[in-house]
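Asks: Quick one: the structure is below, questions incoming.
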Amino acid sequence: MKNIILYTDGACSGNPGIGGWGAILMFNDIKKEISGGEAQTTNNRMELTAVIKGLEALKESCNVDIYSDSAYVVNAFLQDWVSNWQKNGWKTSKGKVLNIDLWQHLIELTLKHNVCWHKVKGHADNEFNNRCDELARGEIVKIKNVAQ
């Protein structure tokens, strides 16, 4: 099985507002950057989308180390919130889980791979996390420019 490193980030201008996501996939010496955005979304949806798009880019089952600065995404798996949400009919003590569509898709994708989650500090000195942030913010600028 191939060993892949996946860095991801999402951003939003306004929350909700125009959003962007970026991801970097690394296999040995090969690096692939992907990004996209949406005109009306939230920061959390973009964080989830970045991971989803990164995993969707893999053509076979892999060992994937996922690095994200989103506690929302990483803790959902590391603290097993997703299992509790599923057991409780996608409800928390505060009500319905948000972004169920994306969570369900992400869970489905993680079952195809051997995934290890890593929380990184955002806007720090991690070059790959910073590059993902640049990609995400670049998508926001593209969407804003199209809208003008």
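Residues in the structure tokens are named by chain (A, B, ... in the order shown) and by number from 1 within that chain; ligands are numbered from 1 in the order shown.
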If we count only C-alpha atoms, what is near Asn114 of chain A at a cut-off of 10 Å, once residues fewer than 6 positions away on the same chain are taken out, given as a list in words?

Replies: Met1, Asn3, Ser61, Cys62, Asn63, Val64 and Asp65 of chain A

Asks: Identify all residues of segment 97-127 of chain A in helix (DSSP H, G or I) (DSSP on the backbone) and supply them as a short mmCIF file (atom, residue, chain, number, x, y, z; two decimals) with N, CA and C atoms, in the first residue's frame.

Replies:
```cif
data_model
loop_
_atom_site.label_atom_id
_atom_site.label_comp_id
_atom_site.auth_asym_id
_atom_site.auth_seq_id
_atom_site.Cartn_x
_atom_site.Cartn_y
_atom_site.Cartn_z
N ILE A 100 -23.99 17.02 7.76
CA ILE A 100 -24.13 15.56 7.75
C ILE A 100 -23.73 14.98 6.39
N ASP A 101 -24.11 15.64 5.30
CA ASP A 101 -23.79 15.14 3.97
C ASP A 101 -22.28 14.96 3.79
N LEU A 102 -21.52 15.95 4.24
CA LEU A 102 -20.07 15.88 4.10
C LEU A 102 -19.47 14.86 5.06
N TRP A 103 -19.97 14.82 6.29
CA TRP A 103 -19.46 13.84 7.26
C TRP A 103 -19.68 12.41 6.75
N GLN A 104 -20.86 12.14 6.22
CA GLN A 104 -21.15 10.79 5.73
C GLN A 104 -20.23 10.42 4.58
N HIS A 105 -19.99 11.36 3.68
CA HIS A 105 -19.10 11.11 2.55
C HIS A 105 -17.66 10.91 3.03
N LEU A 106 -17.23 11.72 3.98
CA LEU A 106 -15.88 11.60 4.50
C LEU A 106 -15.68 10.26 5.22
N ILE A 107 -16.65 9.85 6.00
CA ILE A 107 -16.56 8.55 6.69
C ILE A 107 -16.42 7.44 5.66
N GLU A 108 -17.23 7.50 4.61
CA GLU A 108 -17.18 6.51 3.54
C GLU A 108 -15.77 6.45 2.92
N LEU A 109 -15.19 7.61 2.67
CA LEU A 109 -13.85 7.67 2.08
C LEU A 109 -12.78 7.14 3.03
N THR A 110 -12.92 7.42 4.33
CA THR A 110 -11.90 6.96 5.29
C THR A 110 -11.92 5.44 5.42
N GLU A 127 5.05 24.82 6.55
CA GLU A 127 5.01 25.30 5.16
C GLU A 127 3.85 24.70 4.36
#
```

Asks: What is the atom CA of Trp85 of chain A to atom CA of Cys12 of chain A distance in Å?

Replies: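 A separation of 25.4 Å between them.
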
Asks: Would you list, as a PyMOL selection string, the residues of segment 20-94 of chain A that end up in strand (DSSP E or B) under DSSP run on this structure's backbone?

Replies: chain A and resi 20-27+30-41+62-68+91-92

Asks: Could you tell me how far atom CA of Gly17 of chain A lies from atom CA of Thr41 of chain A, in Å and to one decimal?

Replies: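 The value is 5.5 Å.
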
Asks: My list of candidates is A:Leu98, A:Val82, A:Ile4, A:Cys116. Which is closest to Thr42 of chain A when distances are computed with only C-alpha atoms?

Replies: A:Leu98
